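One structure below.
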Amino acid sequence: MKQLVRMFVVVVVVAVGLMYLTAYLNSSQGYTGGNTLTIYNWGDYIDPELIAEFEEETGIKVIYQTFDSNEAMLTKIEQGGTTFDISIPSEYAISKMKEEGLLVPLDKSKLPNLKHIDPAFLNLSFDEGNEYSIPYFWGTVGVVFNPDMVDGLTFNSWEDLWDPRLRNKILLLDGAREVMGMGLNSLGYSLNDTEESHLQEAKRKLNRLTPNVKAIVGDEIKMLLAGEEAAVGLVWSGDASEIMGENEKLDYVVPSEGSNLWFDNMVIPRTARNIEGAHLFMNFMLDPEVAARNAEYVGYSTPNAKALEFLPEEISGDERFYPSRELTGKLEVYENLGKRMLAHYNELFLEFKMHRK
Ligand code: N2P
């Protein structure tokens with residue numbers, strides 16, 4: 001019996017000890033060495049070798065999860081129950097997360113490599129002073145097309161997507177803002193329009209695109225377009241660049257009525273458990289050589305001025321992916337339209353998707 005009591009005591013002591021140890025390792029207080037960093041990023045949005053190098057350099061083990069739209073990412077983080085240390089939302093989502101108290105302010109003293117970022121990408125209206133977010137990639141939304149598959153069509157205007165020659169030939173990326181934005185832009189409206197009659201008009205216009213839409217897809221859009229399973233795609237610029245790397249016939253244009261200019265920045269969600277590690281990761285990604293390798297690998301445009309020096313001229317000099325200030329000045333950045341309006345955009349997009357069924 002005595003032995004049983006002794007064993008019981010030992011078990012309790014060990015269990016309590018373990019509990020304390022886990023609490024300590026999980027505490028957001030700080031870097032505990034040999035710990036983990038949970039990253040929640042867009043799919044296909046980092047060179048996996050860089051993750052391995054970061055792990056080796058810091059001894060931190062990375063747990064990696066992906067999303068394919070800002071809306072999916074927001075829903076997951078808003079619901080709670082997640083422990084992401086890093087996420088990489090676009091500007092309007094960052095503004096919304098700030099408003100909802102979902103982000104941790106950054107400690108700039110831990111981000112010495114921030115000095116390499118082109119100042120044009122700092123201090124933007126969605127996060128003045130970059131209190132909560134650090135530039136990662138930027139780009140546009142446009143049309144990638146295969147000249148051999150479109151019956152002589154050229155793409156200068158959004159309107160061209162409605163051409164009957166494109167029946168069942170278009171793939172759309174699965175994003176509410178992007179697709180609604182295209183509908184609004186094609187009518188000459190702003191992609192931040194909140195006027196109900198304009199939104200309804202955009203949805204009716206999108207419904208009329210239905211016969212031309214082959215599918216609405218996630219990251220597989222790149223494989224499908226490069227493999228000539230579809231002729232035309234509504235895509236983000238960096239995906240276009242990757243597709244064009246695979247299939248040189250394809251081209252990318254930003255239609256003349258205007259389109260979206262976006263910025264994806266790294267943030268630390270409120271539920272983070274390794275804030276120290278998150279800063280280490282951000283600073284690692286800001287290193288010019290790392291940023292250049294990452295940009296070359298994923299095809300997206302880097303905001304890191306110093307990194308541009310490490311990129312081949314055929315990448316950094318390509319106006320389709322590094323458009324001039326003159327062109328970007330004509331594009332619009334998505335605004336945080338507020339909780340209700342963003343939900344309304346999602347609803348309208350969903351209705352359009354249902355209309356296809
Ligand atoms: C990468 C998606 C890039 C997101 N697959 C554009 N904001």
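So you can find residues: chains in the structure tokens are A, B, ... in the order shown, residues in each start at 1, and ligands are numbered from 1 in order.
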List all protein, DNA and RNA residues that have at least one atom no more than 10 Å from any atom of ligand 1, counting only C-alpha atoms and all ligand atoms, and write them as a tab-separated table (two decimals) with all heavy atoms, in the first residue's frame.
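Output file result09.tsv follows:
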chain	number	residue	atom	x	y	z
A	41	ASN	N	-0.05	30.79	-44.03
A	41	ASN	CA	0.29	31.57	-45.23
A	41	ASN	C	-0.59	31.14	-46.40
A	41	ASN	O	-1.21	30.09	-46.39
A	41	ASN	CB	1.77	31.33	-45.56
A	41	ASN	CG	2.34	32.32	-46.56
A	41	ASN	OD1	1.65	33.25	-47.00
A	41	ASN	ND2	3.59	32.13	-46.93
A	42	TRP	N	-0.60	31.96	-47.45
A	42	TRP	CA	-1.22	31.57	-48.72
A	42	TRP	C	-0.52	30.31	-49.23
A	42	TRP	O	0.68	30.13	-48.99
A	42	TRP	CB	-1.01	32.67	-49.75
A	42	TRP	CG	-1.64	33.98	-49.46
A	42	TRP	CD1	-1.11	34.98	-48.70
A	42	TRP	CD2	-2.90	34.47	-49.94
A	42	TRP	NE1	-1.95	36.06	-48.68
A	42	TRP	CE2	-3.06	35.77	-49.44
A	42	TRP	CE3	-3.89	33.94	-50.76
A	42	TRP	CZ2	-4.18	36.55	-49.72
A	42	TRP	CZ3	-5.00	34.71	-51.03
A	42	TRP	CH2	-5.15	36.00	-50.51
A	43	GLY	N	-1.24	29.51	-50.01
A	43	GLY	CA	-0.62	28.35	-50.64
A	43	GLY	C	0.44	28.79	-51.64
A	43	GLY	O	0.33	29.87	-52.22
A	44	ASP	N	1.46	27.98	-51.82
A	44	ASP	CA	2.53	28.26	-52.80
A	44	ASP	C	3.11	29.66	-52.63
A	44	ASP	O	3.27	30.40	-53.61
A	44	ASP	CB	2.00	28.18	-54.26
A	44	ASP	CG	1.50	26.81	-54.61
A	44	ASP	OD1	1.84	25.85	-53.89
A	44	ASP	OD2	0.76	26.69	-55.60
A	45	TYR	N	3.41	30.04	-51.43
A	45	TYR	CA	3.79	31.44	-51.21
A	45	TYR	C	5.11	31.57	-50.47
A	45	TYR	O	5.40	32.63	-49.94
A	45	TYR	CB	2.67	32.16	-50.45
A	45	TYR	CG	2.44	33.60	-50.84
A	45	TYR	CD1	2.62	34.04	-52.15
A	45	TYR	CD2	1.99	34.53	-49.91
A	45	TYR	CE1	2.38	35.36	-52.50
A	45	TYR	CE2	1.74	35.85	-50.25
A	45	TYR	CZ	1.94	36.25	-51.56
A	45	TYR	OH	1.69	37.57	-51.91
A	46	ILE	N	5.89	30.48	-50.48
A	46	ILE	CA	7.22	30.56	-49.88
A	46	ILE	C	8.08	29.44	-50.48
A	46	ILE	O	7.56	28.38	-50.85
A	46	ILE	CB	7.15	30.42	-48.34
A	46	ILE	CG1	8.43	30.93	-47.69
A	46	ILE	CG2	6.89	28.96	-47.91
A	46	ILE	CD1	8.32	31.16	-46.19
A	66	THR	N	-1.83	26.49	-44.73
A	66	THR	CA	-2.11	27.45	-45.80
A	66	THR	C	-3.60	27.77	-45.95
A	66	THR	O	-4.47	27.03	-45.49
A	66	THR	CB	-1.63	26.91	-47.17
A	66	THR	OG1	-2.33	25.70	-47.46
A	66	THR	CG2	-0.14	26.64	-47.16
A	67	PHE	N	-3.84	28.92	-46.62
A	67	PHE	CA	-5.21	29.32	-46.98
A	67	PHE	C	-5.17	29.81	-48.43
A	67	PHE	O	-4.07	30.03	-48.97
A	67	PHE	CB	-5.72	30.42	-46.04
A	67	PHE	CG	-4.85	31.65	-45.96
A	67	PHE	CD1	-4.97	32.68	-46.87
A	67	PHE	CD2	-3.88	31.79	-44.95
A	67	PHE	CE1	-4.17	33.82	-46.80
A	67	PHE	CE2	-3.07	32.93	-44.86
A	67	PHE	CZ	-3.22	33.95	-45.80
A	68	ASP	N	-6.37	29.96	-49.06
A	68	ASP	CA	-6.29	30.49	-50.42
A	68	ASP	C	-7.14	31.72	-50.67
A	68	ASP	O	-7.29	32.14	-51.82
A	68	ASP	CB	-6.49	29.40	-51.48
A	68	ASP	CG	-7.78	28.67	-51.32
A	68	ASP	OD1	-8.66	29.21	-50.64
A	68	ASP	OD2	-7.92	27.57	-51.89
A	69	SER	N	-7.68	32.30	-49.61
A	69	SER	CA	-8.28	33.63	-49.78
A	69	SER	C	-8.23	34.36	-48.44
A	69	SER	O	-8.16	33.73	-47.38
A	69	SER	CB	-9.74	33.52	-50.26
A	69	SER	OG	-10.56	33.03	-49.21
A	70	ASN	N	-8.26	35.68	-48.51
A	70	ASN	CA	-8.28	36.47	-47.28
A	70	ASN	C	-9.50	36.12	-46.43
A	70	ASN	O	-9.43	36.09	-45.21
A	70	ASN	CB	-8.32	37.97	-47.62
A	70	ASN	CG	-6.95	38.52	-47.97
A	70	ASN	OD1	-6.04	38.49	-47.14
A	70	ASN	ND2	-6.80	38.98	-49.18
A	88	ILE	N	-0.07	36.13	-43.25
A	88	ILE	CA	0.34	37.09	-44.29
A	88	ILE	C	-0.88	37.58	-45.08
A	88	ILE	O	-1.06	37.24	-46.25
A	88	ILE	CB	1.43	36.48	-45.22
A	88	ILE	CG1	2.54	35.86	-44.35
A	88	ILE	CG2	1.98	37.54	-46.18
A	88	ILE	CD1	3.79	35.39	-45.08
A	89	PRO	N	-1.75	38.35	-44.44
A	89	PRO	CA	-2.96	38.82	-45.11
A	89	PRO	C	-2.70	39.99	-46.06
A	89	PRO	O	-1.62	40.58	-46.03
A	89	PRO	CB	-3.83	39.33	-43.94
A	89	PRO	CG	-3.08	39.04	-42.69
A	89	PRO	CD	-1.66	38.80	-43.05
A	90	SER	N	-3.70	40.32	-46.86
A	90	SER	CA	-3.63	41.52	-47.69
A	90	SER	C	-4.12	42.72	-46.89
A	90	SER	O	-4.76	42.57	-45.85
A	90	SER	CB	-4.50	41.38	-48.93
A	90	SER	OG	-4.15	40.21	-49.64
A	91	GLU	N	-3.84	43.89	-47.45
A	91	GLU	CA	-4.07	45.16	-46.74
A	91	GLU	C	-5.45	45.33	-46.10
A	91	GLU	O	-5.54	45.67	-44.94
A	91	GLU	CB	-3.74	46.33	-47.67
A	91	GLU	CG	-4.60	46.53	-48.91
A	91	GLU	CD	-4.67	45.35	-49.84
A	91	GLU	OE1	-3.62	44.95	-50.35
A	91	GLU	OE2	-5.77	44.81	-50.05
A	137	PHE	N	5.03	40.50	-50.10
A	137	PHE	CA	4.97	40.59	-51.56
A	137	PHE	C	3.90	41.60	-51.94
A	137	PHE	O	3.06	41.97	-51.11
A	137	PHE	CB	4.59	39.23	-52.18
A	137	PHE	CG	5.73	38.24	-52.24
A	137	PHE	CD1	5.56	36.94	-51.75
A	137	PHE	CD2	6.95	38.57	-52.82
A	137	PHE	CE1	6.60	36.02	-51.81
A	137	PHE	CE2	7.99	37.65	-52.88
A	137	PHE	CZ	7.81	36.38	-52.37
A	138	TRP	N	3.90	42.01	-53.20
A	138	TRP	CA	2.86	42.90	-53.70
A	138	TRP	C	2.58	42.52	-55.15
A	138	TRP	O	3.33	41.75	-55.75
A	138	TRP	CB	3.31	44.37	-53.60
A	138	TRP	CG	4.45	44.73	-54.51
A	138	TRP	CD1	5.78	44.44	-54.30
A	138	TRP	CD2	4.40	45.41	-55.76
A	138	TRP	NE1	6.54	44.91	-55.34
A	138	TRP	CE2	5.72	45.52	-56.26
A	138	TRP	CE3	3.35	45.96	-56.51
A	138	TRP	CZ2	6.03	46.14	-57.47
A	138	TRP	CZ3	3.66	46.60	-57.72
A	138	TRP	CH2	5.00	46.68	-58.18
A	139	GLY	N	1.50	43.07	-55.69
A	139	GLY	CA	1.19	42.74	-57.07
A	139	GLY	C	-0.13	43.33	-57.54
A	139	GLY	O	-0.70	44.22	-56.90
A	140	THR	N	-0.58	42.79	-58.66
A	140	THR	CA	-1.82	43.26	-59.28
A	140	THR	C	-2.75	42.07	-59.52
A	140	THR	O	-2.36	40.93	-59.28
A	140	THR	CB	-1.52	43.92	-60.64
A	140	THR	OG1	-0.81	42.97	-61.47
A	140	THR	CG2	-0.66	45.16	-60.48
A	141	VAL	N	-3.95	42.36	-60.00
A	141	VAL	CA	-4.86	41.32	-60.48
A	141	VAL	C	-5.05	41.57	-61.97
A	141	VAL	O	-5.20	42.72	-62.39
A	141	VAL	CB	-6.22	41.40	-59.74
A	141	VAL	CG1	-7.27	40.52	-60.42
A	141	VAL	CG2	-6.05	40.98	-58.29
A	173	LEU	N	-9.99	32.92	-60.17
A	173	LEU	CA	-9.46	32.62	-58.84
A	173	LEU	C	-10.60	32.78	-57.85
A	173	LEU	O	-11.54	33.56	-58.08
A	173	LEU	CB	-8.26	33.51	-58.52
A	173	LEU	CG	-8.44	35.00	-58.29
A	173	LEU	CD1	-8.88	35.32	-56.89
A	173	LEU	CD2	-7.11	35.68	-58.55
A	175	GLY	N	-11.78	34.26	-55.15
A	175	GLY	CA	-11.71	35.35	-54.16
A	175	GLY	C	-12.86	36.31	-54.37
A	175	GLY	O	-13.12	36.75	-55.49
A	178	GLU	N	-11.73	39.88	-55.51
A	178	GLU	CA	-11.15	39.87	-56.85
A	178	GLU	C	-12.25	39.74	-57.91
A	178	GLU	O	-12.25	40.48	-58.90
A	178	GLU	CB	-10.14	38.72	-56.99
A	178	GLU	CG	-8.84	38.93	-56.21
A	178	GLU	CD	-8.92	38.58	-54.73
A	178	GLU	OE1	-10.02	38.24	-54.24
A	178	GLU	OE2	-7.86	38.63	-54.06
A	218	GLY	N	-8.72	27.27	-56.78
A	218	GLY	CA	-7.64	27.75	-55.92
A	218	GLY	C	-6.30	27.69	-56.64
A	218	GLY	O	-6.22	27.96	-57.84
A	219	ASP	N	-5.26	27.27	-55.91
A	219	ASP	CA	-3.91	27.30	-56.48
A	219	ASP	C	-3.73	26.41	-57.71
A	219	ASP	O	-2.79	26.62	-58.47
A	219	ASP	CB	-2.89	26.89	-55.40
A	219	ASP	CG	-2.65	28.02	-54.42
A	219	ASP	OD1	-2.65	29.19	-54.86
A	219	ASP	OD2	-2.47	27.74	-53.22
A	220	GLU	N	-4.65	25.45	-57.91
A	220	GLU	CA	-4.51	24.59	-59.10
A	220	GLU	C	-4.71	25.38	-60.39
A	220	GLU	O	-4.42	24.88	-61.48
A	220	GLU	CB	-5.43	23.36	-59.01
A	220	GLU	CG	-6.91	23.63	-58.96
A	220	GLU	CD	-7.44	23.90	-57.54
A	220	GLU	OE1	-6.71	24.46	-56.71
A	220	GLU	OE2	-8.61	23.56	-57.30
A	221	ILE	N	-5.15	26.61	-60.27
A	221	ILE	CA	-5.34	27.46	-61.46
A	221	ILE	C	-4.06	27.53	-62.29
A	221	ILE	O	-4.09	27.55	-63.51
A	221	ILE	CB	-5.84	28.88	-61.05
A	221	ILE	CG1	-6.48	29.61	-62.24
A	221	ILE	CG2	-4.72	29.73	-60.45
A	221	ILE	CD1	-7.33	30.82	-61.84
A	222	LYS	N	-2.92	27.53	-61.59
A	222	LYS	CA	-1.63	27.66	-62.30
A	222	LYS	C	-1.36	26.43	-63.16
A	222	LYS	O	-0.99	26.53	-64.32
A	222	LYS	CB	-0.50	27.84	-61.27
A	222	LYS	CG	-0.57	29.20	-60.62
A	222	LYS	CD	0.51	29.37	-59.58
A	222	LYS	CE	0.15	28.63	-58.33
A	222	LYS	NZ	1.06	28.92	-57.21
A	235	VAL	N	-6.23	36.10	-62.50
A	235	VAL	CA	-5.19	35.65	-61.55
A	235	VAL	C	-4.49	36.83	-60.89
A	235	VAL	O	-4.58	37.97	-61.34
A	235	VAL	CB	-4.11	34.80	-62.27
A	235	VAL	CG1	-4.66	33.51	-62.81
A	235	VAL	CG2	-3.44	35.60	-63.38
A	236	TRP	N	-3.74	36.51	-59.82
A	236	TRP	CA	-2.81	37.47	-59.25
A	236	TRP	C	-1.54	37.45	-60.09
A	236	TRP	O	-1.13	36.39	-60.62
A	236	TRP	CB	-2.46	37.08	-57.81
A	236	TRP	CG	-3.60	37.18	-56.87
A	236	TRP	CD1	-4.24	38.32	-56.47
A	236	TRP	CD2	-4.22	36.11	-56.15
A	236	TRP	NE1	-5.23	38.02	-55.56
A	236	TRP	CE2	-5.24	36.66	-55.35
A	236	TRP	CE3	-4.03	34.73	-56.12
A	236	TRP	CZ2	-6.05	35.90	-54.51
A	236	TRP	CZ3	-4.84	33.95	-55.29
A	236	TRP	CH2	-5.83	34.55	-54.50
A	237	SER	N	-0.89	38.61	-60.17
A	237	SER	CA	0.27	38.77	-61.04
A	237	SER	C	1.35	37.69	-60.83
A	237	SER	O	1.88	37.14	-61.79
A	237	SER	CB	0.88	40.15	-60.84
A	237	SER	OG	1.04	40.43	-59.46
A	238	GLY	N	1.66	37.40	-59.58
A	238	GLY	CA	2.74	36.44	-59.32
A	238	GLY	C	2.41	35.04	-59.80
A	238	GLY	O	3.28	34.30	-60.24
A	239	ASP	N	1.11	34.69	-59.74
A	239	ASP	CA	0.71	33.39	-60.27
A	239	ASP	C	0.91	33.40	-61.78
A	239	ASP	O	1.38	32.42	-62.37
A	239	ASP	CB	-0.76	33.08	-59.93
A	239	ASP	CG	-0.90	32.56	-58.49
A	239	ASP	OD1	0.11	32.56	-57.77
A	239	ASP	OD2	-2.01	32.16	-58.11
A	261	LEU	N	-4.41	46.81	-57.03
A	261	LEU	CA	-3.02	46.78	-56.59
A	261	LEU	C	-3.08	46.29	-55.15
A	261	LEU	O	-3.83	46.86	-54.35
A	261	LEU	CB	-2.45	48.19	-56.65
A	261	LEU	CG	-1.07	48.42	-56.03
A	261	LEU	CD1	0.00	47.71	-56.86
A	261	LEU	CD2	-0.77	49.91	-55.94
A	262	TRP	N	-2.36	45.22	-54.83
A	262	TRP	CA	-2.48	44.67	-53.48
A	262	TRP	C	-1.12	44.55	-52.80
A	262	TRP	O	-0.08	44.51	-53.45
A	262	TRP	CB	-3.20	43.32	-53.50
A	262	TRP	CG	-2.59	42.31	-54.41
A	262	TRP	CD1	-3.00	42.03	-55.68
A	262	TRP	CD2	-1.44	41.49	-54.17
A	262	TRP	NE1	-2.18	41.08	-56.23
A	262	TRP	CE2	-1.21	40.73	-55.34
A	262	TRP	CE3	-0.59	41.32	-53.09
A	262	TRP	CZ2	-0.17	39.81	-55.44
A	262	TRP	CZ3	0.47	40.41	-53.19
A	262	TRP	CH2	0.66	39.67	-54.36
A	263	PHE	N	-1.19	44.50	-51.48
A	263	PHE	CA	0.01	44.35	-50.66
A	263	PHE	C	-0.25	43.26	-49.63
A	263	PHE	O	-1.23	43.34	-48.89
A	263	PHE	CB	0.32	45.65	-49.92
A	263	PHE	CG	0.40	46.85	-50.82
A	263	PHE	CD1	-0.68	47.69	-50.98
A	263	PHE	CD2	1.56	47.12	-51.54
A	263	PHE	CE1	-0.62	48.79	-51.83
A	263	PHE	CE2	1.64	48.20	-52.39
A	263	PHE	CZ	0.55	49.04	-52.54
A	264	ASP	N	0.60	42.26	-49.59
A	264	ASP	CA	0.48	41.22	-48.55
A	264	ASP	C	1.59	41.45	-47.53
A	264	ASP	O	2.77	41.47	-47.89
A	264	ASP	CB	0.65	39.83	-49.16
A	264	ASP	CG	-0.56	39.41	-49.99
A	264	ASP	OD1	-1.60	40.09	-49.92
A	264	ASP	OD2	-0.47	38.39	-50.70
A	265	ASN	N	1.21	41.62	-46.29
A	265	ASN	CA	2.19	41.89	-45.23
A	265	ASN	C	2.17	40.81	-44.15
A	265	ASN	O	1.12	40.23	-43.86
A	265	ASN	CB	1.88	43.23	-44.56
A	265	ASN	CG	2.29	44.43	-45.40
A	265	ASN	OD1	2.49	44.33	-46.61
A	265	ASN	ND2	2.39	45.57	-44.75
A	298	VAL	N	8.73	31.88	-55.90
A	298	VAL	CA	7.26	31.90	-56.01
A	298	VAL	C	6.75	32.73	-57.18
A	298	VAL	O	5.60	32.60	-57.58
A	298	VAL	CB	6.54	32.37	-54.71
A	298	VAL	CG1	6.81	31.44	-53.56
A	298	VAL	CG2	6.90	33.79	-54.35
A	299	GLY	N	7.58	33.61	-57.72
A	299	GLY	CA	7.15	34.40	-58.88
A	299	GLY	C	6.51	35.73	-58.52
A	299	GLY	O	6.15	36.50	-59.41
A	300	TYR	N	6.35	36.01	-57.24
A	300	TYR	CA	5.73	37.28	-56.84
A	300	TYR	C	6.76	38.40	-56.73
A	300	TYR	O	7.98	38.15	-56.69
A	300	TYR	CB	4.96	37.10	-55.54
A	300	TYR	CG	3.59	36.52	-55.80
A	300	TYR	CD1	3.39	35.15	-55.89
A	300	TYR	CD2	2.50	37.36	-56.01
A	300	TYR	CE1	2.13	34.63	-56.18
A	300	TYR	CE2	1.25	36.84	-56.29
A	300	TYR	CZ	1.06	35.48	-56.37
A	300	TYR	OH	-0.17	34.98	-56.66
Requested in this report: Could you give me, as an MDAnalysis selection string, the residues within 12 Å of Glu246 (chain A), counting only C-alpha atoms and dropping anything in the same chain fewer than 6 positions from it?
Outcome: chainID A and resid 222:228 239:240 299
If you keep all heavy atoms, can you produce a file of those selected residues as a PDB file, in the first residue's frame?
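Ended up saving to result.pdb:
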ATOM      1  N   LYS A 222      -2.918  27.528 -61.591  1.00  0.00           N
ATOM      2  CA  LYS A 222      -1.635  27.657 -62.297  1.00  0.00           C
ATOM      3  C   LYS A 222      -1.360  26.428 -63.155  1.00  0.00           C
ATOM      4  O   LYS A 222      -0.995  26.533 -64.317  1.00  0.00           O
ATOM      5  CB  LYS A 222      -0.503  27.842 -61.273  1.00  0.00           C
ATOM      6  CG  LYS A 222      -0.574  29.197 -60.620  1.00  0.00           C
ATOM      7  CD  LYS A 222       0.506  29.374 -59.581  1.00  0.00           C
ATOM      8  CE  LYS A 222       0.150  28.629 -58.325  1.00  0.00           C
ATOM      9  NZ  LYS A 222       1.060  28.918 -57.213  1.00  0.00           N
ATOM     10  N   MET A 223      -1.568  25.276 -62.550  1.00  0.00           N
ATOM     11  CA  MET A 223      -1.328  24.023 -63.264  1.00  0.00           C
ATOM     12  C   MET A 223      -2.266  23.920 -64.467  1.00  0.00           C
ATOM     13  O   MET A 223      -1.859  23.546 -65.554  1.00  0.00           O
ATOM     14  CB  MET A 223      -1.626  22.895 -62.281  1.00  0.00           C
ATOM     15  CG  MET A 223      -0.984  21.590 -62.565  1.00  0.00           C
ATOM     16  SD  MET A 223      -1.648  20.409 -61.376  1.00  0.00           S
ATOM     17  CE  MET A 223      -3.374  20.314 -61.851  1.00  0.00           C
ATOM     18  N   LEU A 224      -3.533  24.281 -64.254  1.00  0.00           N
ATOM     19  CA  LEU A 224      -4.523  24.147 -65.329  1.00  0.00           C
ATOM     20  C   LEU A 224      -4.205  25.067 -66.498  1.00  0.00           C
ATOM     21  O   LEU A 224      -4.314  24.676 -67.658  1.00  0.00           O
ATOM     22  CB  LEU A 224      -5.928  24.443 -64.779  1.00  0.00           C
ATOM     23  CG  LEU A 224      -6.445  23.424 -63.752  1.00  0.00           C
ATOM     24  CD1 LEU A 224      -7.731  23.914 -63.094  1.00  0.00           C
ATOM     25  CD2 LEU A 224      -6.684  22.071 -64.421  1.00  0.00           C
ATOM     26  N   LEU A 225      -3.786  26.289 -66.198  1.00  0.00           N
ATOM     27  CA  LEU A 225      -3.496  27.231 -67.287  1.00  0.00           C
ATOM     28  C   LEU A 225      -2.190  26.866 -67.995  1.00  0.00           C
ATOM     29  O   LEU A 225      -2.121  26.867 -69.222  1.00  0.00           O
ATOM     30  CB  LEU A 225      -3.449  28.662 -66.757  1.00  0.00           C
ATOM     31  CG  LEU A 225      -4.826  29.240 -66.391  1.00  0.00           C
ATOM     32  CD1 LEU A 225      -4.690  30.443 -65.468  1.00  0.00           C
ATOM     33  CD2 LEU A 225      -5.610  29.623 -67.644  1.00  0.00           C
ATOM     34  N   ALA A 226      -1.178  26.519 -67.210  1.00  0.00           N
ATOM     35  CA  ALA A 226       0.105  26.149 -67.820  1.00  0.00           C
ATOM     36  C   ALA A 226      -0.071  24.897 -68.678  1.00  0.00           C
ATOM     37  O   ALA A 226       0.534  24.759 -69.738  1.00  0.00           O
ATOM     38  CB  ALA A 226       1.159  25.926 -66.749  1.00  0.00           C
ATOM     39  N   GLY A 227      -0.953  23.981 -68.237  1.00  0.00           N
ATOM     40  CA  GLY A 227      -1.184  22.735 -68.966  1.00  0.00           C
ATOM     41  C   GLY A 227      -2.212  22.881 -70.083  1.00  0.00           C
ATOM     42  O   GLY A 227      -2.664  21.884 -70.648  1.00  0.00           O
ATOM     43  N   GLU A 228      -2.642  24.132 -70.347  1.00  0.00           N
ATOM     44  CA  GLU A 228      -3.569  24.442 -71.441  1.00  0.00           C
ATOM     45  C   GLU A 228      -4.931  23.746 -71.300  1.00  0.00           C
ATOM     46  O   GLU A 228      -5.574  23.404 -72.277  1.00  0.00           O
ATOM     47  CB  GLU A 228      -2.917  24.150 -72.807  1.00  0.00           C
ATOM     48  CG  GLU A 228      -1.533  24.789 -72.911  1.00  0.00           C
ATOM     49  CD  GLU A 228      -1.009  24.951 -74.338  1.00  0.00           C
ATOM     50  OE1 GLU A 228      -1.526  24.273 -75.243  1.00  0.00           O
ATOM     51  OE2 GLU A 228      -0.085  25.766 -74.520  1.00  0.00           O
ATOM     52  N   ASP A 239       1.112  34.692 -59.736  1.00  0.00           N
ATOM     53  CA  ASP A 239       0.709  33.389 -60.272  1.00  0.00           C
ATOM     54  C   ASP A 239       0.909  33.400 -61.779  1.00  0.00           C
ATOM     55  O   ASP A 239       1.384  32.417 -62.365  1.00  0.00           O
ATOM     56  CB  ASP A 239      -0.757  33.076 -59.928  1.00  0.00           C
ATOM     57  CG  ASP A 239      -0.896  32.557 -58.494  1.00  0.00           C
ATOM     58  OD1 ASP A 239       0.113  32.562 -57.766  1.00  0.00           O
ATOM     59  OD2 ASP A 239      -2.006  32.160 -58.109  1.00  0.00           O
ATOM     60  N   ALA A 240       0.575  34.534 -62.402  1.00  0.00           N
ATOM     61  CA  ALA A 240       0.787  34.652 -63.851  1.00  0.00           C
ATOM     62  C   ALA A 240       2.256  34.448 -64.174  1.00  0.00           C
ATOM     63  O   ALA A 240       2.615  33.716 -65.102  1.00  0.00           O
ATOM     64  CB  ALA A 240       0.317  36.020 -64.337  1.00  0.00           C
ATOM     65  N   GLY A 299       7.582  33.607 -57.720  1.00  0.00           N
ATOM     66  CA  GLY A 299       7.146  34.396 -58.879  1.00  0.00           C
ATOM     67  C   GLY A 299       6.513  35.731 -58.522  1.00  0.00           C
ATOM     68  O   GLY A 299       6.149  36.497 -59.405  1.00  0.00           O
TER      69      GLY A 299
END
**Report entry** Test item, strand (DSSP E or B) assignment across region 154-354 of chain A, answer as a list in words
**Finding:**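 Result set for region 154-354 of chain A (strand (DSSP E or B)): Ile170, Leu171, Leu172, Leu173, Val213, Lys214, Ala215, Ile216, Val217, Val232, Gly233, Leu234, Val235, Trp236, Asp251, Tyr252, Val253, Asn260, Leu261, Trp262, Phe263, Asp264, Asn265, Met266, Val267, Pro269, Ser301, Asn304 and Glu332 of chain A.
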Query raised in the report: Tyr64 (chain A): which residues within 9 Å, counting only C-alpha atoms, same-chain residues fewer than 3 positions away excluded, as an MDAnalysis selection string?
Result: chainID A and resid 37:41
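For the pair CA of Val104 (chain A) and CA of Thr82 (chain A), the interatomic distance is 14.7 Å.
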Write out as JSON lines the residues of region 111-224 of chain A that have any atom within 12 Å of an atom of region 272-278 of chain A, one row each with the nearest atom pair and its distance in Å to one decimal, counting only C-alpha atoms, sorted by chain and then rising number.
{"residue": "A:Leu111", "atom": "CA", "partner": "A:Ala278", "partner_atom": "CA", "distance": 10.5}
{"residue": "A:Ser133", "atom": "CA", "partner": "A:Ala278", "partner_atom": "CA", "distance": 11.7}
{"residue": "A:Ile134", "atom": "CA", "partner": "A:Ala278", "partner_atom": "CA", "distance": 11.6}
Deliver the residues from the most recent selection as a file, using all heavy atoms, as a PDB file, in the first residue's frame.
ATOM      1  N   LEU A 111      13.696  44.023 -35.774  1.00  0.00           N
ATOM      2  CA  LEU A 111      13.564  43.889 -37.227  1.00  0.00           C
ATOM      3  C   LEU A 111      14.560  44.802 -37.947  1.00  0.00           C
ATOM      4  O   LEU A 111      14.169  45.653 -38.758  1.00  0.00           O
ATOM      5  CB  LEU A 111      12.131  44.238 -37.653  1.00  0.00           C
ATOM      6  CG  LEU A 111      11.019  43.409 -36.998  1.00  0.00           C
ATOM      7  CD1 LEU A 111       9.654  43.999 -37.298  1.00  0.00           C
ATOM      8  CD2 LEU A 111      11.086  41.950 -37.461  1.00  0.00           C
ATOM      9  N   SER A 133       2.407  45.443 -39.238  1.00  0.00           N
ATOM     10  CA  SER A 133       2.635  44.603 -40.422  1.00  0.00           C
ATOM     11  C   SER A 133       3.870  45.015 -41.216  1.00  0.00           C
ATOM     12  O   SER A 133       4.218  46.187 -41.272  1.00  0.00           O
ATOM     13  CB  SER A 133       1.395  44.633 -41.316  1.00  0.00           C
ATOM     14  OG  SER A 133       1.320  45.856 -42.020  1.00  0.00           O
ATOM     15  N   ILE A 134       4.478  44.002 -41.835  1.00  0.00           N
ATOM     16  CA  ILE A 134       5.737  44.177 -42.562  1.00  0.00           C
ATOM     17  C   ILE A 134       5.578  43.622 -43.985  1.00  0.00           C
ATOM     18  O   ILE A 134       5.159  42.474 -44.155  1.00  0.00           O
ATOM     19  CB  ILE A 134       6.857  43.369 -41.833  1.00  0.00           C
ATOM     20  CG1 ILE A 134       7.091  43.925 -40.425  1.00  0.00           C
ATOM     21  CG2 ILE A 134       8.149  43.361 -42.642  1.00  0.00           C
ATOM     22  CD1 ILE A 134       7.584  45.350 -40.390  1.00  0.00           C
TER      23      ILE A 134
END
